[in-house]
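Visitor: Supplied structure: entry.cif, mmCIF, C-alpha atoms.
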```cif
data_data
#
loop_
_atom_site.group_PDB
_atom_site.id
_atom_site.type_symbol
_atom_site.label_atom_id
_atom_site.label_comp_id
_atom_site.auth_asym_id
_atom_site.auth_seq_id
_atom_site.Cartn_x
_atom_site.Cartn_y
_atom_site.Cartn_z
ATOM 1 C CA MET A 1 140.838 -98.434 109.584
ATOM 2 C CA LYS A 2 142.372 -95.110 108.601
ATOM 3 C CA ARG A 3 139.948 -92.263 107.958
ATOM 4 C CA THR A 4 141.813 -91.520 104.729
ATOM 5 C CA LEU A 5 140.911 -94.954 103.353
ATOM 6 C CA ARG A 6 137.282 -94.595 104.447
ATOM 7 C CA GLU A 7 136.975 -91.231 102.671
ATOM 8 C CA PHE A 8 138.776 -92.627 99.618
ATOM 9 C CA MET A 9 136.561 -95.716 99.312
ATOM 10 C CA ALA A 10 133.181 -94.514 100.627
ATOM 11 C CA GLY A 11 130.477 -95.523 98.119
ATOM 12 C CA LEU A 12 133.154 -95.900 95.449
ATOM 13 C CA VAL A 13 131.899 -99.106 93.772
ATOM 14 C CA ASP A 14 128.674 -99.043 91.775
ATOM 15 C CA TYR A 15 127.378 -102.582 91.316
ATOM 16 C CA ALA A 16 127.113 -103.698 87.678
ATOM 17 C CA GLY A 17 126.463 -107.416 88.060
ATOM 18 C CA LEU A 18 124.079 -107.424 85.081
ATOM 19 C CA PHE A 19 126.978 -106.701 82.725
ATOM 20 C CA PRO A 20 129.867 -108.830 81.381
ATOM 21 C CA PRO A 21 131.935 -110.586 82.410
ATOM 22 C CA ALA A 22 129.585 -111.423 85.315
ATOM 23 C CA GLY A 23 126.414 -111.163 83.224
ATOM 24 C CA LEU A 24 124.106 -112.244 86.052
ATOM 25 C CA SER A 25 120.383 -112.651 85.657
ATOM 26 C CA MET A 26 118.269 -109.895 87.172
ATOM 27 C CA ASP A 27 117.199 -112.109 90.076
ATOM 28 C CA ALA A 28 120.803 -113.111 90.812
ATOM 29 C CA ALA A 29 122.097 -109.526 90.568
ATOM 30 C CA VAL A 30 119.368 -108.250 92.906
ATOM 31 C CA ALA A 31 120.167 -110.997 95.417
ATOM 32 C CA GLU A 32 123.890 -110.249 95.246
ATOM 33 C CA TYR A 33 123.424 -106.513 95.722
ATOM 34 C CA GLY A 34 121.045 -107.111 98.621
ATOM 35 C CA ARG A 35 123.539 -109.478 100.224
ATOM 36 C CA TRP A 36 126.337 -106.927 100.021
ATOM 37 C CA LEU A 37 124.129 -104.172 101.415
ATOM 38 C CA ALA A 38 123.948 -106.245 104.611
ATOM 39 C CA ASP A 39 127.701 -106.863 104.690
ATOM 40 C CA PRO A 40 130.164 -104.887 106.884
ATOM 41 C CA ALA A 41 131.796 -103.699 103.642
ATOM 42 C CA ALA A 42 128.565 -102.023 102.477
ATOM 43 C CA TRP A 43 130.034 -98.566 103.185
ATOM 44 C CA MET A 44 132.069 -98.972 99.972
ATOM 45 C CA LEU A 45 129.032 -99.943 97.887
ATOM 46 C CA GLY A 46 127.381 -97.407 95.600
ATOM 47 C CA ARG A 47 124.421 -97.659 93.234
ATOM 48 C CA PHE A 48 122.869 -100.608 91.423
ATOM 49 C CA ILE A 49 123.385 -100.044 87.675
ATOM 50 C CA VAL A 50 120.541 -101.035 85.356
ATOM 51 C CA PRO A 51 119.567 -100.241 81.746
ATOM 52 C CA ALA A 52 116.315 -98.299 81.457
ATOM 53 C CA SER A 53 114.888 -101.064 79.262
ATOM 54 C CA ARG A 54 115.210 -103.569 82.140
ATOM 55 C CA LEU A 55 113.433 -101.516 84.815
ATOM 56 C CA PRO A 56 110.184 -103.553 84.552
ATOM 57 C CA GLU A 57 112.249 -106.730 85.029
ATOM 58 C CA LEU A 58 113.980 -105.135 88.021
ATOM 59 C CA ASP A 59 110.617 -104.271 89.543
ATOM 60 C CA ASP A 60 109.533 -107.922 89.330
ATOM 61 C CA ALA A 61 112.835 -109.124 90.805
ATOM 62 C CA LEU A 62 112.569 -106.712 93.719
ATOM 63 C CA ALA A 63 109.025 -107.884 94.449
ATOM 64 C CA ALA A 64 110.150 -111.517 94.397
ATOM 65 C CA SER A 65 113.246 -110.859 96.530
ATOM 66 C CA GLY A 66 111.441 -109.624 99.612
ATOM 67 C CA PHE A 67 113.935 -106.793 100.095
ATOM 68 C CA ASN A 68 112.435 -103.660 101.609
ATOM 69 C CA GLY A 69 113.477 -100.021 101.610
ATOM 70 C CA THR A 70 114.910 -97.668 99.032
ATOM 71 C CA TRP A 71 117.838 -98.788 96.945
ATOM 72 C CA ARG A 72 120.053 -96.404 94.973
ATOM 73 C CA TYR A 73 120.199 -96.739 91.204
ATOM 74 C CA SER A 74 122.082 -95.455 88.208
ATOM 75 C CA VAL A 75 120.113 -95.962 84.985
ATOM 76 C CA LEU A 76 121.660 -96.352 81.541
ATOM 77 C CA VAL A 77 119.828 -94.290 78.931
ATOM 78 C CA GLY A 78 120.392 -93.712 75.230
ATOM 79 C CA ASP A 79 121.329 -96.604 72.959
ATOM 80 C CA GLY A 80 124.552 -98.322 73.972
ATOM 81 C CA ARG A 81 124.529 -100.568 70.904
ATOM 82 C CA ASN A 82 123.867 -97.738 68.476
ATOM 83 C CA PRO A 83 124.672 -94.414 70.198
ATOM 84 C CA VAL A 84 123.733 -92.470 67.061
ATOM 85 C CA HIS A 85 120.088 -93.279 67.907
ATOM 86 C CA GLY A 86 120.512 -92.362 71.561
ATOM 87 C CA LEU A 87 118.317 -89.285 71.471
ATOM 88 C CA ASP A 88 115.470 -91.153 69.758
ATOM 89 C CA VAL A 89 114.797 -93.445 72.705
ATOM 90 C CA LEU A 90 114.852 -90.897 75.541
ATOM 91 C CA ALA A 91 111.091 -90.306 75.631
ATOM 92 C CA ASP A 92 110.301 -94.020 75.963
ATOM 93 C CA GLN A 93 113.026 -94.443 78.559
ATOM 94 C CA GLY A 94 111.641 -91.521 80.529
ATOM 95 C CA ARG A 95 108.284 -93.312 80.714
ATOM 96 C CA LEU A 96 109.988 -96.477 81.946
ATOM 97 C CA ILE A 97 111.770 -94.504 84.677
ATOM 98 C CA ARG A 98 108.583 -92.747 85.797
ATOM 99 C CA ASP A 99 106.631 -96.025 85.755
ATOM 100 C CA PHE A 100 109.290 -97.738 87.836
ATOM 101 C CA ASP A 101 109.286 -94.922 90.359
ATOM 102 C CA GLU A 102 105.485 -95.087 90.578
ATOM 103 C CA ARG A 103 105.531 -98.870 91.106
ATOM 104 C CA GLN A 104 108.122 -98.378 93.827
ATOM 105 C CA ALA A 105 105.758 -95.922 95.564
ATOM 106 C CA GLY A 106 107.940 -92.927 94.789
ATOM 107 C CA SER A 107 111.005 -94.395 96.489
ATOM 108 C CA ALA A 108 112.857 -95.893 93.534
ATOM 109 C CA GLY A 109 116.053 -94.024 94.414
ATOM 110 C CA ILE A 110 117.122 -93.333 90.819
ATOM 111 C CA GLU A 111 119.966 -90.909 91.450
ATOM 112 C CA THR A 112 121.972 -90.748 88.228
ATOM 113 C CA LEU A 113 121.787 -91.464 84.513
ATOM 114 C CA GLU A 114 124.544 -92.682 82.192
ATOM 115 C CA TYR A 115 124.614 -91.975 78.453
ATOM 116 C CA PRO A 116 127.094 -93.066 75.717
ATOM 117 C CA LEU A 117 128.149 -90.187 73.501
ATOM 118 C CA PRO A 118 128.141 -91.086 69.766
ATOM 119 C CA ALA A 119 131.632 -91.038 68.255
ATOM 120 C CA THR A 120 130.256 -89.198 65.222
ATOM 121 C CA VAL A 121 129.446 -86.054 67.225
ATOM 122 C CA CYS A 122 132.713 -86.090 69.184
ATOM 123 C CA ARG A 123 134.844 -84.980 66.248
ATOM 124 C CA ASP A 124 133.711 -81.386 66.070
ATOM 125 C CA PRO A 125 133.000 -78.993 68.978
ATOM 126 C CA ASP A 126 129.926 -77.487 67.323
ATOM 127 C CA ASP A 127 128.412 -80.898 66.572
ATOM 128 C CA LEU A 128 129.005 -81.982 70.132
ATOM 129 C CA ASP A 129 127.520 -78.786 71.566
ATOM 130 C CA ARG A 130 124.376 -79.304 69.490
ATOM 131 C CA HIS A 131 124.085 -82.929 70.564
ATOM 132 C CA LEU A 132 124.483 -82.017 74.226
ATOM 133 C CA ASP A 133 121.824 -79.309 73.874
ATOM 134 C CA ALA A 134 119.407 -81.822 72.339
ATOM 135 C CA LEU A 135 120.251 -84.388 75.015
ATOM 136 C CA LEU A 136 119.761 -82.035 77.950
ATOM 137 C CA THR A 137 116.534 -80.728 76.446
ATOM 138 C CA GLY A 138 115.374 -84.322 76.079
ATOM 139 C CA LEU A 139 116.273 -85.096 79.669
ATOM 140 C CA ALA A 140 114.257 -82.121 80.879
ATOM 141 C CA ALA A 141 111.276 -83.418 78.889
ATOM 142 C CA MET A 142 111.630 -86.823 80.600
ATOM 143 C CA GLU A 143 110.465 -85.115 83.829
ATOM 144 C CA THR A 144 112.804 -87.150 86.000
ATOM 145 C CA SER A 145 114.803 -85.689 88.840
ATOM 146 C CA VAL A 146 118.338 -87.060 89.010
ATOM 147 C CA ALA A 147 121.481 -85.692 90.604
ATOM 148 C CA ALA A 148 123.852 -86.242 87.681
ATOM 149 C CA ILE A 149 124.236 -87.518 84.146
ATOM 150 C CA TYR A 150 127.482 -89.185 83.111
ATOM 151 C CA LEU A 151 128.469 -88.811 79.455
ATOM 152 C CA GLU A 152 130.692 -91.660 78.300
ATOM 153 C CA LEU A 153 133.630 -90.757 76.074
ATOM 154 C CA PRO A 154 133.928 -92.921 72.948
ATOM 155 C CA PRO A 155 137.250 -94.813 72.930
ATOM 156 C CA ALA A 156 138.755 -92.896 70.004
ATOM 157 C CA ALA A 157 137.369 -89.471 70.892
ATOM 158 C CA GLU A 158 139.753 -86.592 71.570
ATOM 159 C CA ALA A 159 139.460 -86.327 75.330
ATOM 160 C CA LEU A 160 140.140 -82.596 75.599
ATOM 161 C CA LEU A 161 137.485 -81.776 72.984
ATOM 162 C CA VAL A 162 134.847 -83.775 74.881
ATOM 163 C CA VAL A 163 135.763 -82.507 78.343
ATOM 164 C CA GLU A 164 135.744 -78.884 77.195
ATOM 165 C CA ALA A 165 132.321 -79.427 75.608
ATOM 166 C CA LEU A 166 130.978 -80.842 78.870
ATOM 167 C CA ALA A 167 132.327 -77.806 80.710
ATOM 168 C CA ARG A 168 130.574 -75.486 78.257
ATOM 169 C CA ALA A 169 127.337 -77.448 78.639
ATOM 170 C CA ALA A 170 127.587 -77.109 82.421
ATOM 171 C CA GLU A 171 127.747 -73.336 81.992
ATOM 172 C CA ARG A 172 124.664 -73.350 79.752
ATOM 173 C CA TYR A 173 122.734 -75.739 82.008
ATOM 174 C CA PRO A 174 123.636 -75.063 85.675
ATOM 175 C CA SER A 175 123.090 -77.961 88.016
ATOM 176 C CA ARG A 176 120.889 -77.938 91.072
ATOM 177 C CA SER A 177 123.933 -78.010 93.310
ATOM 178 C CA GLU A 178 124.953 -74.646 91.860
ATOM 179 C CA ASP A 179 121.529 -73.044 91.549
ATOM 180 C CA ASN A 180 119.691 -73.542 94.849
ATOM 181 C CA GLY A 181 117.851 -76.602 93.656
ATOM 182 C CA GLN A 182 116.460 -74.935 90.532
ATOM 183 C CA GLY A 183 118.792 -76.306 87.857
ATOM 184 C CA GLY A 184 119.236 -79.622 86.118
ATOM 185 C CA PRO A 185 121.487 -82.619 86.713
ATOM 186 C CA LEU A 186 125.209 -82.292 87.230
ATOM 187 C CA ILE A 187 126.969 -82.817 83.895
ATOM 188 C CA ALA A 188 129.856 -85.250 84.280
ATOM 189 C CA ALA A 189 132.222 -87.407 82.234
ATOM 190 C CA LYS A 190 132.535 -91.181 82.199
ATOM 191 C CA LEU A 191 135.564 -93.163 81.050
ATOM 192 C CA ARG A 192 135.611 -96.877 80.245
ATOM 193 C CA CYS A 193 138.751 -98.547 81.620
ATOM 194 C CA GLY A 194 138.356 -102.072 80.307
ATOM 195 C CA GLY A 195 136.182 -104.740 78.775
ATOM 196 C CA LEU A 196 136.338 -108.210 77.278
ATOM 197 C CA THR A 197 139.177 -107.520 74.804
ATOM 198 C CA ARG A 198 142.655 -106.004 75.072
ATOM 199 C CA GLU A 199 141.562 -103.102 72.892
ATOM 200 C CA ALA A 200 138.965 -102.070 75.486
ATOM 201 C CA PHE A 201 141.672 -101.067 77.982
ATOM 202 C CA PRO A 202 142.859 -97.472 77.479
ATOM 203 C CA ALA A 203 146.538 -96.658 77.799
ATOM 204 C CA THR A 204 147.762 -95.152 81.048
ATOM 205 C CA GLY A 205 148.440 -91.901 79.221
ATOM 206 C CA ARG A 206 144.827 -91.597 78.105
ATOM 207 C CA VAL A 207 143.507 -92.250 81.615
ATOM 208 C CA ALA A 208 145.909 -89.659 83.011
ATOM 209 C CA SER A 209 144.951 -87.138 80.329
ATOM 210 C CA VAL A 210 141.236 -87.488 81.067
ATOM 211 C CA LEU A 211 141.929 -87.017 84.781
ATOM 212 C CA ALA A 212 144.021 -83.919 84.120
ATOM 213 C CA PHE A 213 141.555 -82.401 81.651
ATOM 214 C CA CYS A 214 138.599 -82.973 83.975
ATOM 215 C CA ALA A 215 140.483 -81.448 86.913
ATOM 216 C CA ALA A 216 141.459 -78.396 84.875
ATOM 217 C CA ALA A 217 137.902 -77.900 83.578
ATOM 218 C CA LYS A 218 136.250 -78.825 86.912
ATOM 219 C CA VAL A 219 134.225 -81.585 85.232
ATOM 220 C CA PRO A 220 133.155 -84.440 87.585
ATOM 221 C CA LEU A 221 134.079 -87.935 86.519
ATOM 222 C CA LYS A 222 133.242 -91.588 87.020
ATOM 223 C CA PHE A 223 134.692 -94.752 85.519
ATOM 224 C CA THR A 224 133.392 -98.107 84.426
ATOM 225 C CA ALA A 225 134.772 -101.564 83.611
ATOM 226 C CA GLY A 226 138.219 -102.963 84.209
ATOM 227 C CA LEU A 227 138.732 -101.673 87.759
ATOM 228 C CA HIS A 228 138.016 -104.817 89.765
ATOM 229 C CA HIS A 229 141.312 -104.755 91.637
ATOM 230 C CA PRO A 230 143.128 -102.181 93.761
ATOM 231 C CA LEU A 231 146.397 -102.146 91.784
ATOM 232 C CA ARG A 232 147.407 -102.211 88.162
ATOM 233 C CA HIS A 233 148.429 -105.764 87.313
ATOM 234 C CA GLN A 234 148.859 -108.292 84.545
ATOM 235 C CA ALA A 235 145.642 -110.185 83.833
ATOM 236 C CA GLU A 236 145.293 -113.523 82.042
ATOM 237 C CA ASP A 237 141.886 -113.137 80.393
ATOM 238 C CA PRO A 238 142.218 -110.981 78.448
ATOM 239 C CA PRO A 239 146.048 -110.925 78.542
ATOM 240 C CA VAL A 240 146.457 -107.242 79.340
ATOM 241 C CA MET A 241 147.612 -104.888 82.069
ATOM 242 C CA MET A 242 144.428 -104.034 83.990
ATOM 243 C CA HIS A 243 144.051 -100.672 85.685
ATOM 244 C CA GLY A 244 143.707 -100.467 89.472
ATOM 245 C CA PHE A 245 141.209 -98.321 91.338
ATOM 246 C CA LEU A 246 143.823 -97.131 93.839
ATOM 247 C CA ASN A 247 145.885 -95.984 90.850
ATOM 248 C CA VAL A 248 143.066 -94.258 89.005
ATOM 249 C CA PHE A 249 141.395 -92.534 91.927
ATOM 250 C CA GLY A 250 144.705 -91.770 93.605
ATOM 251 C CA ALA A 251 145.839 -90.124 90.383
ATOM 252 C CA GLY A 252 142.517 -88.299 90.224
ATOM 253 C CA LEU A 253 143.051 -86.810 93.673
ATOM 254 C CA LEU A 254 146.570 -85.771 92.717
ATOM 255 C CA ALA A 255 145.390 -84.272 89.428
ATOM 256 C CA TRP A 256 143.114 -81.955 91.392
ATOM 257 C CA GLY A 257 146.203 -81.014 93.385
ATOM 258 C CA GLY A 258 148.000 -80.032 90.197
ATOM 259 C CA LEU A 259 149.911 -83.184 89.231
ATOM 260 C CA THR A 260 150.060 -83.571 85.431
ATOM 261 C CA GLY A 261 152.006 -85.128 82.610
ATOM 262 C CA GLU A 262 154.421 -88.015 83.064
ATOM 263 C CA GLU A 263 154.154 -88.037 86.859
ATOM 264 C CA LEU A 264 150.370 -88.400 86.723
ATOM 265 C CA ALA A 265 150.665 -91.182 84.137
ATOM 266 C CA ALA A 266 153.240 -92.877 86.375
ATOM 267 C CA CYS A 267 150.688 -92.991 89.208
ATOM 268 C CA VAL A 268 148.139 -94.600 86.891
ATOM 269 C CA ALA A 269 150.809 -97.106 85.815
ATOM 270 C CA GLU A 270 152.144 -97.906 89.314
ATOM 271 C CA THR A 271 152.274 -101.606 90.214
ATOM 272 C CA SER A 272 153.953 -101.511 93.636
ATOM 273 C CA PRO A 273 151.588 -101.688 96.633
ATOM 274 C CA GLU A 274 154.255 -100.014 98.777
ATOM 275 C CA ALA A 275 153.950 -96.872 96.651
ATOM 276 C CA PHE A 276 150.463 -96.173 98.068
ATOM 277 C CA SER A 277 149.762 -95.393 101.708
ATOM 278 C CA PHE A 278 146.929 -94.262 103.956
ATOM 279 C CA ASP A 279 147.750 -92.732 107.335
ATOM 280 C CA ASP A 280 145.739 -90.702 109.831
ATOM 281 C CA LYS A 281 145.987 -87.494 107.822
ATOM 282 C CA HIS A 282 146.947 -88.212 104.215
ATOM 283 C CA PHE A 283 146.645 -90.481 101.226
ATOM 284 C CA ALA A 284 150.009 -90.687 99.472
ATOM 285 C CA TRP A 285 151.463 -92.023 96.266
ATOM 286 C CA ARG A 286 155.214 -91.973 96.745
ATOM 287 C CA GLU A 287 156.079 -88.406 97.833
ATOM 288 C CA HIS A 288 152.779 -86.879 96.665
ATOM 289 C CA LYS A 289 150.094 -86.422 99.344
ATOM 290 C CA VAL A 290 146.430 -85.415 99.653
ATOM 291 C CA ALA A 291 144.932 -84.421 103.022
ATOM 292 C CA VAL A 292 141.972 -86.361 104.361
ATOM 293 C CA ASP A 293 139.545 -83.418 104.342
ATOM 294 C CA GLU A 294 140.420 -82.716 100.712
ATOM 295 C CA ILE A 295 139.830 -86.351 99.820
ATOM 296 C CA ALA A 296 136.308 -86.123 101.243
ATOM 297 C CA VAL A 297 135.521 -82.982 99.234
ATOM 298 C CA LEU A 298 136.997 -84.227 95.958
ATOM 299 C CA ARG A 299 135.263 -87.597 96.187
ATOM 300 C CA ARG A 300 131.906 -85.964 96.901
ATOM 301 C CA ARG A 301 132.135 -83.295 94.212
ATOM 302 C CA TYR A 302 134.314 -84.618 91.417
ATOM 303 C CA LEU A 303 135.575 -88.218 91.645
ATOM 304 C CA HIS A 304 132.343 -90.134 91.937
ATOM 305 C CA GLY A 305 133.140 -93.822 91.658
ATOM 306 C CA PHE A 306 133.294 -96.694 89.197
ATOM 307 C CA GLY A 307 131.027 -99.437 87.934
ATOM 308 C CA SER A 308 132.121 -103.021 88.563
ATOM 309 C CA CYS A 309 130.364 -106.295 87.787
ATOM 310 C CA SER A 310 131.920 -107.645 91.000
ATOM 311 C CA PHE A 311 131.900 -106.145 94.470
ATOM 312 C CA ALA A 312 133.638 -109.145 95.985
ATOM 313 C CA GLU A 313 136.851 -108.574 94.032
ATOM 314 C CA PRO A 314 137.451 -104.994 95.224
ATOM 315 C CA VAL A 315 136.717 -106.089 98.802
ATOM 316 C CA THR A 316 139.033 -109.113 98.730
ATOM 317 C CA GLY A 317 141.697 -107.078 96.965
ATOM 318 C CA LEU A 318 141.762 -104.510 99.745
ATOM 319 C CA GLN A 319 141.770 -107.295 102.338
ATOM 320 C CA GLY A 320 144.773 -108.843 100.589
ATOM 321 C CA LEU A 321 146.640 -105.559 101.002
ATOM 322 C CA ASP A 322 145.664 -105.427 104.692
ATOM 323 C CA LEU A 323 143.841 -102.135 104.120
ATOM 324 C CA ILE A 324 140.491 -103.341 105.475
#
```
Please render this file's structure as structure tokens.
Guide:
Amino acid sequence: MKRTLREFMAGLVDYAGLFPPAGLSMDAAVAEYGRWLADPAAWMLGRFIVPASRLPELDDALAASGFNGTWRYSVLVGDGRNPVHGLDVLADQGRLIRDFDERQAGSAGIETLEYPLPATVCRDPDDLDRHLDALLTGLAAMETSVAAIYLELPPAAEALLVVEALARAAERYPSRSEDNGQGGPLIAAKLRCGGLTREAFPATGRVASVLAFCAAAKVPLKFTAGLHHPLRHQAEDPPVMMHGFLNVFGAGLLAWGGLTGEELAACVAETSPEAFSFDDKHFAWREHKVAVDEIAVLRRRYLHGFGSCSFAEPVTGLQGLDLI
């Protein structure tokens, strides 16, 4: 295997088996994640994603599973069904997180949080700044130590407005990685790339714009939904062009190298497997290249991964392309 592919894919896929379309039970999702952790492909596997409200259920499933050791988690906080009320539930969710960590003997491995931004506050920069201040103050009061919080952009939100607000918040609230361990969590963006309906899939231009804006503002980014397969392709259910993770993360690497506009959107929209390559020194999309050492840095600092309800599909997709 080429080192470029290993750096590109390392820990890229967060496991979201609890969520549609998989929608597994907690016991089944825990068993599936545990099975993949023992698989040779485990180096591509990231965190187990779980809503804060289901942490007690997760604790019971872990006890019943017999799995030992520390797992890595990303916990959904706020109110995904009614994001306007997201701040109101933080205190209770903080207690659930602390209780789970205590039941797991301090080794729960909760590394990141994910929070849906309300569309109503993403229309005006001042409103969004105030909401982010209240959110980050609420997170500090939760007394949980996490590496990052991912703020999900609402589908209709102006991407540049949100990304610039996240960059301003990062200046007001420095992260531990920038402040010798004394700051708060890394403030990052999150973009949804699909769902159960055609309308849930953003256009290639929007994906490219978010990548470009985040690169320009130095805002880290993760993705969720719709990235089960390596390449952009026509799906049957729903009948829509689905985004590919080689496209999206390849475009992300190139955006950090300065690629913008129509060329960046063309990378997101690419459907030819021959257009992407991994050799001993570079990842390439057509004539555009990124060196292996730069891939490692950008993945670690800025392009953090994506949530998928299936880990099998990314693995088999890469096998089908003879990449692993």
Visitor: Tell me which protein, DNA and RNA residues are within 8 Å of Ala251 in chain A, counting only C-alpha atoms, leaving out same-chain ones fewer than 5 positions away, and put them as a ChimeraX atom specification.
Guide: /A:208,211,264-265,267-268
Visitor: For the file shown, report as number ranges by chain the outcome of the PyMOL selection byres ((chain A and resi 63-65) around 8) at residue level.
Guide: A: 27, 30-31, 59-62, 66-67
Visitor: Taking all atoms listed in the file into account, which of A:Ser209, A:Leu161, A:Gly34, A:Asp92 comes nearest Asp124 in chain A?
Guide: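 Under the stated criterion, the closest residue is A:Leu161.
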Visitor: Can you tell me which residues surround His131 in chain A at a distance of at most 10 Å, considering all atoms listed in the file, apart from same-chain residues fewer than 2 positions away, and format the answer as a PyMOL selection string?
Guide: chain A and resi 87+117-118+121-122+125-129+133-137
Visitor: Using only C-alpha atoms, can you tell me which of A:Ala141, A:Leu231, A:Val219, A:Val50 comes closest to Leu318 in chain A?
Guide: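 The shortest atom-to-atom distance to Leu318 in chain A comes from A:Leu231.
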Visitor: Let me have the centre and edge lengths in Å, one decimal, of the box along x, y and z around every listed atom of range 215-218 of chain A with 8 Å of margin on each side, as AutoDock Vina command-line options.
Guide:
```
--center_x 138.9 --center_y -79.7 --center_z 85.2 --size_x 21.2 --size_y 19.5 --size_z 19.3
```
Visitor: I'd like to know which of A:Tyr73, A:Pro220, A:Met1, A:Ile149 is closest to Gln319 in chain A, using only C-alpha atoms.
Guide: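 Using only C-alpha atoms, Gln319 in chain A sits closest to A:Met1.
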Visitor: Report as a list in words the full result of the PyMOL selection byres ((chain A and resi 169) around 10) when it is applied to this structure.
Guide: Leu128, Asp129, Arg130, Leu132, Asp133, Leu136, Val163, Glu164, Ala165, Leu166, Ala167, Arg168, Ala170, Glu171, Arg172, Tyr173, Pro174, Ile187 and Ala188 of chain A
